[in-house]
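Asker: Dumping the structure here so I can ask a few things about it.
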Amino acid sequence: MFMKVKRYFISPVNTFLYSFFLLTILSISPLYAKTLSISIDNGYDDVEEKEKGGYIYFHSSDLELVKDNYNHQNKQTVGLRFNNISLPQGSSISNAYIEFSVDETDSKSIDLKITGHAVDDAPPFNDTPYSYLRYNVSSRPRTSARVSWHPEAWSEIGAKMQTPDLAGIVQEIIDRPGWMADNSIVFIVNNDKGKSKRVADSFEGSANGAPKLVIVYDTEETVSILPIIKLNAAIIVDEPKKPGTFRLVSDDFPQDTGIVDMGIETRGSTSQEFDKKSFSIELVKSNDPTNELKITLLDLRKDGDWILDASYRDTSFVRNIIGHDIFNAMRPYAFIDANGIQKGQAAIRGHLTEVELNGNYHGVYVLEEKVDRKLLGLKKISIPKDADGNELFDQIDFSNPENGSVLYKADSNLANLGHLATVRIDFEQKYPKTRDIARWEPLEELISFITTSSDSEFIANIGNLVDIDSAVDYWLLMNVIADTDSFKKNYYLARSGSGKFFFVPWDNDATFGIAWDGARDTPSIGFFQSDDSENFLFKRLFNLPQTGFIAKIKLRWNELRNSLFSQQQLTARFEGYHALLDAEDANGESARDRNITEWPGSGNIGSGDFALGEAASIGDWIGAHLEYLDNIIPYLPE
């Protein structure tokens, strides 16, 4: 059935965030018809195998079905391989045929037989040029479905001629348990009797006239106003990344990446225990899986490394990305260099998407950037090279302050800048990469100073080591969103060249009224460094107000309280995202509905508390929480 289109206009939620929403809602019946058209695009996918000797010919300018012009007694078997067939498993094939272009006219009667290669993903006939592999067409196991073809007269050069319906062959192949969208299908053409033939263009004879496979099918494929990401991978594990394919399609941006090779693995720590898992993805070049392929996805950075956040614990789906959105609004740069120039991006960005995995619906995910040297704009370390251009990491001059760039991720509850002995366990070194060279000295020197310096030394020098304004903004963000973990772990520390350490937020899903297990959290929660379980840096900054830290917090609070930190603007962020999640089609179904149907346990302990995922309820919590902070922050002792 054809799709009907309805348009809804959503009035402005808040002009600082969205000027308007124009949402196209697709009203469809559960199944609808689609057509695929795939042409052979290289000379190694349309081949002729000689009956005598089984030699395969890759370079003919035509395809003789199925008698050789040079020896009419030598029958041939023709193999046709069609690639990247994006049929989801479970599709219903209503029609399929191969279209040939006439290369020679012929009107004699002929009997042909067409079968398919009975395999999940048909391999190439041969990927080595000019190596005449034997019997690699006729020896392939055949489908039970087969079609007899008695072609009519081919009377006009260049005319388009079609086979009978091949739906049964295609259906048998895609119904196999191992079929995945974007696999390849091989058709095998031969005959058992008759001396006539039909001659069609091959790819090498005419790229425009090469054999073309057309498939008409019905599917329950996801239709969404959100970008759709289609993943295909036979195996996905925690580590290492396994091969697969990636495709992103979005009408709004607009973008269609086409099918791209990738490596994929699951990611996270406690989230690995959830049924719906998050993924880490690296896009790679098809001819070199070790070579990262950098692509601009939507309006995000140009890169090859991406995260798909399952947001299983958070039924609003956007607490994490909203935390990063706020920090990017607070600090539209990562740091300011020695020349006063703003550099880098303060935090990651992301977009709501819906994901299909191996042709099946897999839920709402947030496509997110990764924190790395490039995102933050850190100065690249100068690495000497030998005569062959190989990098000599052991010869880096770290005595040069300009080679001081580092990036660390706080991973454990002891990553609170107070435990020198276990720093190499509590943190993960991200730049430079540990496989190249260990570079722990900058972080160890910082922790040593925080934990052992005298009060006078700390007051005089902490501002030379740490960007205090960054620390102020980070402290305020964590208190406003009520992140229960991110003073002790789940943050990044970075330094560019000879500059100061600054904070980068990470993993803010247990915020805005939910705890780490998905349960409801009180609005009366804050982190004011009263004991050693919290961050040692912030504890000393609070205990020594001579650093000016508390005065800066109060000033910044007053600057932001009626703008970025107002209940109206914070709530509007959730309303804006939820307008996309909750937009309904004519059947009353939304992206949120589809995800809940697929993953009814979303929310973890709080899965039955639907208010935790609603913008209005989150807005009420924000109001109560800000009132709590209003009674504390302005009165912090200096």
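Every chain in the structure tokens takes a letter, A first, then B, and so on in the order presented; its residues are numbered from 1, and the ligands are numbered from 1 following the presented order.
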Please identify all polymer residues within 9 Å of Trp599 of chain A, counting only C-alpha atoms, omitting same-chain residues fewer than 5 positions from it, and present them as a list in words.

Answerer: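 Counting only C-alpha atoms, the residues come to Asp275, Lys276, Tyr312, His362, Gly363 and Arg594 of chain A.
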
Asker: Env of Ile185 of chain A: 6 Å cut, atoms = only C-alpha atoms, seq-sep filter 5 positions within chain, self excluded. Answer as a PyMOL selection string.

Answerer: chain A and resi 81-82+122

Asker: Which segment 486-550 of chain A residues have any atom within 6 Å of an atom of segment 392-405 of chain A, and for each, what is the nearest pair of atoms with distance in Å to one decimal, counting only C-alpha atoms, rows sorted by chain and number, as CSV?

Answerer:
```
residue,atom,partner,partner_atom,distance
A:Arg495,CA,A:Ser405,CA,5.2
A:Ser496,CA,A:Ser405,CA,4.3
A:Gly497,CA,A:Gly404,CA,4.3
A:Ser498,CA,A:Pro401,CA,4.8
```

Asker: How would the residues just chosen look if you wrote them out with N, CA and C atoms as a PDB file, in the first residue's frame?

Answerer:
```pdb
ATOM      1  N   ARG A 495      44.388  18.179  28.917  1.00  0.00           N
ATOM      2  CA  ARG A 495      45.307  19.317  28.884  1.00  0.00           C
ATOM      3  C   ARG A 495      45.857  19.435  27.471  1.00  0.00           C
ATOM      4  N   SER A 496      45.932  20.649  26.975  1.00  0.00           N
ATOM      5  CA  SER A 496      46.479  20.890  25.646  1.00  0.00           C
ATOM      6  C   SER A 496      47.833  21.560  25.762  1.00  0.00           C
ATOM      7  N   GLY A 497      48.871  20.894  25.263  1.00  0.00           N
ATOM      8  CA  GLY A 497      50.216  21.466  25.289  1.00  0.00           C
ATOM      9  C   GLY A 497      50.644  21.853  26.685  1.00  0.00           C
ATOM     10  N   SER A 498      51.061  23.102  26.839  1.00  0.00           N
ATOM     11  CA  SER A 498      51.530  23.593  28.139  1.00  0.00           C
ATOM     12  C   SER A 498      50.417  24.241  28.953  1.00  0.00           C
TER      13      SER A 498
END
```

Asker: Taking the chain letters and numbering used in this document, name the residues of segment 112-311 of chain A that DSSP puts in strand (DSSP E or B), as a ChimeraX atom specification.

Answerer: /A:112-117,134,142-149,154,160-162,183-190,198-201,212-219,228-232,242-250,255-256,260-267,278-285,288-292,295-296,302-303,305-309

Asker: Just C-alpha atoms for this one: save the residues we selected as a PDB file, in the first residue's frame.

Answerer:
```pdb
ATOM      1  CA  LEU A 112      16.539 -22.110 -19.850  1.00  0.00           C
ATOM      2  CA  LYS A 113      16.552 -22.945 -16.167  1.00  0.00           C
ATOM      3  CA  ILE A 114      17.219 -20.412 -13.367  1.00  0.00           C
ATOM      4  CA  THR A 115      18.112 -21.345  -9.798  1.00  0.00           C
ATOM      5  CA  GLY A 116      19.760 -19.567  -6.889  1.00  0.00           C
ATOM      6  CA  HIS A 117      22.843 -20.334  -4.818  1.00  0.00           C
ATOM      7  CA  ARG A 134      37.096 -23.978 -12.398  1.00  0.00           C
ATOM      8  CA  ARG A 142      21.107 -24.824  -5.650  1.00  0.00           C
ATOM      9  CA  THR A 143      17.822 -23.602  -4.222  1.00  0.00           C
ATOM     10  CA  SER A 144      14.866 -25.949  -4.245  1.00  0.00           C
ATOM     11  CA  ALA A 145      12.955 -23.212  -6.044  1.00  0.00           C
ATOM     12  CA  ARG A 146      13.722 -23.091  -9.753  1.00  0.00           C
ATOM     13  CA  VAL A 147      12.166 -21.302 -12.705  1.00  0.00           C
ATOM     14  CA  SER A 148      11.889 -22.450 -16.335  1.00  0.00           C
ATOM     15  CA  TRP A 149      12.311 -19.691 -18.904  1.00  0.00           C
ATOM     16  CA  TRP A 154      14.885 -11.099 -29.102  1.00  0.00           C
ATOM     17  CA  LYS A 160      15.068  -4.786 -22.324  1.00  0.00           C
ATOM     18  CA  MET A 161      13.984  -8.391 -21.753  1.00  0.00           C
ATOM     19  CA  GLN A 162      12.810  -9.832 -18.446  1.00  0.00           C
ATOM     20  CA  ASN A 183      23.989  -9.753   1.663  1.00  0.00           C
ATOM     21  CA  SER A 184      24.601 -10.991  -1.899  1.00  0.00           C
ATOM     22  CA  ILE A 185      22.493 -13.346  -4.037  1.00  0.00           C
ATOM     23  CA  VAL A 186      23.755 -15.462  -6.965  1.00  0.00           C
ATOM     24  CA  PHE A 187      21.501 -16.690  -9.769  1.00  0.00           C
ATOM     25  CA  ILE A 188      22.593 -19.591 -11.968  1.00  0.00           C
ATOM     26  CA  VAL A 189      21.323 -19.907 -15.566  1.00  0.00           C
ATOM     27  CA  ASN A 190      21.732 -23.070 -17.667  1.00  0.00           C
ATOM     28  CA  ARG A 198      20.051 -15.615 -26.210  1.00  0.00           C
ATOM     29  CA  VAL A 199      22.913 -13.081 -26.051  1.00  0.00           C
ATOM     30  CA  ALA A 200      22.723 -10.229 -23.523  1.00  0.00           C
ATOM     31  CA  ASP A 201      25.027  -7.366 -22.626  1.00  0.00           C
ATOM     32  CA  LYS A 212      19.636  -5.794 -13.327  1.00  0.00           C
ATOM     33  CA  LEU A 213      17.739  -7.521 -10.522  1.00  0.00           C
ATOM     34  CA  VAL A 214      14.371  -5.990  -9.575  1.00  0.00           C
ATOM     35  CA  ILE A 215      12.618  -7.124  -6.388  1.00  0.00           C
ATOM     36  CA  VAL A 216       9.175  -5.995  -5.208  1.00  0.00           C
ATOM     37  CA  TYR A 217       8.543  -6.816  -1.562  1.00  0.00           C
ATOM     38  CA  ASP A 218       6.386  -6.033   1.456  1.00  0.00           C
ATOM     39  CA  THR A 219       8.034  -5.249   4.775  1.00  0.00           C
ATOM     40  CA  ILE A 228      17.117   5.490  10.844  1.00  0.00           C
ATOM     41  CA  ILE A 229      20.355   3.540  11.290  1.00  0.00           C
ATOM     42  CA  LYS A 230      20.553   0.075   9.746  1.00  0.00           C
ATOM     43  CA  LEU A 231      23.154  -2.249  11.257  1.00  0.00           C
ATOM     44  CA  ASN A 232      24.059  -5.689   9.988  1.00  0.00           C
ATOM     45  CA  LYS A 242      33.353  -7.594  14.750  1.00  0.00           C
ATOM     46  CA  PRO A 243      32.716  -6.811  11.060  1.00  0.00           C
ATOM     47  CA  GLY A 244      29.379  -5.592   9.765  1.00  0.00           C
ATOM     48  CA  THR A 245      27.725  -2.861   7.723  1.00  0.00           C
ATOM     49  CA  PHE A 246      26.220   0.518   8.612  1.00  0.00           C
ATOM     50  CA  ARG A 247      23.747   2.784   6.874  1.00  0.00           C
ATOM     51  CA  LEU A 248      22.126   6.023   8.081  1.00  0.00           C
ATOM     52  CA  VAL A 249      19.064   7.448   6.333  1.00  0.00           C
ATOM     53  CA  SER A 250      17.470  10.761   7.295  1.00  0.00           C
ATOM     54  CA  GLN A 255      21.375  12.210   4.278  1.00  0.00           C
ATOM     55  CA  ASP A 256      21.800   8.645   3.062  1.00  0.00           C
ATOM     56  CA  VAL A 260      29.389   1.399   4.768  1.00  0.00           C
ATOM     57  CA  ASP A 261      31.624  -1.265   6.321  1.00  0.00           C
ATOM     58  CA  MET A 262      32.089  -1.089  10.078  1.00  0.00           C
ATOM     59  CA  GLY A 263      33.477  -2.768  13.172  1.00  0.00           C
ATOM     60  CA  ILE A 264      30.982  -3.039  16.045  1.00  0.00           C
ATOM     61  CA  GLU A 265      31.076  -4.074  19.715  1.00  0.00           C
ATOM     62  CA  THR A 266      28.897  -3.617  22.788  1.00  0.00           C
ATOM     63  CA  ARG A 267      29.985  -0.945  25.248  1.00  0.00           C
ATOM     64  CA  SER A 278      24.752   0.166  23.622  1.00  0.00           C
ATOM     65  CA  PHE A 279      27.209  -0.117  20.739  1.00  0.00           C
ATOM     66  CA  SER A 280      30.567   1.330  19.812  1.00  0.00           C
ATOM     67  CA  ILE A 281      31.058   1.608  16.048  1.00  0.00           C
ATOM     68  CA  GLU A 282      34.026   2.327  13.817  1.00  0.00           C
ATOM     69  CA  LEU A 283      33.340   3.009  10.151  1.00  0.00           C
ATOM     70  CA  VAL A 284      36.067   1.643   7.882  1.00  0.00           C
ATOM     71  CA  LYS A 285      37.026   1.646   4.228  1.00  0.00           C
ATOM     72  CA  ASP A 288      41.016  -1.787   4.088  1.00  0.00           C
ATOM     73  CA  PRO A 289      39.210  -2.641   7.375  1.00  0.00           C
ATOM     74  CA  THR A 290      42.137  -1.203   9.349  1.00  0.00           C
ATOM     75  CA  ASN A 291      41.630   2.220   7.743  1.00  0.00           C
ATOM     76  CA  GLU A 292      39.043   4.427   9.469  1.00  0.00           C
ATOM     77  CA  ILE A 295      32.013  10.694   7.556  1.00  0.00           C
ATOM     78  CA  THR A 296      29.927  13.649   8.728  1.00  0.00           C
ATOM     79  CA  LYS A 302      33.342  14.317  10.605  1.00  0.00           C
ATOM     80  CA  ASP A 303      34.691  11.112  12.117  1.00  0.00           C
ATOM     81  CA  ASP A 305      34.156   6.504  15.671  1.00  0.00           C
ATOM     82  CA  TRP A 306      30.592   6.687  16.983  1.00  0.00           C
ATOM     83  CA  ILE A 307      28.462   5.593  19.926  1.00  0.00           C
ATOM     84  CA  LEU A 308      24.894   4.312  19.820  1.00  0.00           C
ATOM     85  CA  ASP A 309      23.572   4.854  23.356  1.00  0.00           C
TER      86      ASP A 309
END
```

Asker: Which residues come within 6 Å of Glu48 of chain A, counting only C-alpha atoms, excluding same-chain residues fewer than 6 positions away, as a PyMOL selection string?

Answerer: chain A and resi 56-57+77-78

Asker: Identify, on the basis of only C-alpha atoms, every residue whose closest approach to Ala494 of chain A does not exceed 7 Å; exclude the query and any residue fewer than 2 positions from it along the same chain; express the result as a list in words.

Answerer: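 The filter keeps Val406, Leu407, Tyr408, Tyr492, Ser496, Phe501, Phe502 and Phe503 of chain A.
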
Asker: DSSP says alpha helix (DSSP H) for which residues of segment 504-586 of chain A? Put them as a PyMOL selection string?

Answerer: chain A and resi 536-543+549-560+567-581

Asker: Do you know which residues are at most 7 Å from Leu166 of chain A counting only C-alpha atoms, after dropping those on the same chain fewer than 5 positions away, and could you put them as a list in words?

Answerer: Asn95, Ala96, Tyr97 and Val147 of chain A

Asker: From the set A:Asp372, A:Asp426, A:Asp517, A:Asp41, which residue has the shortest atom-to-atom contact distance to Gly205 of chain A, counting only C-alpha atoms?

Answerer: A:Asp41

Asker: Nearest to Ala579 of chain A among A:Ile481, A:Leu226, A:Ser617, A:Lys554, with distances taken over only C-alpha atoms: which residue is it?

Answerer: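 Looking at the shortest contact to Ala579 of chain A, the residue is A:Leu226.
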
Asker: Between A:Arg176, A:His578, A:Lys370, A:Lys197, which is the closest to His150 of chain A once you count only C-alpha atoms?

Answerer: A:Lys197
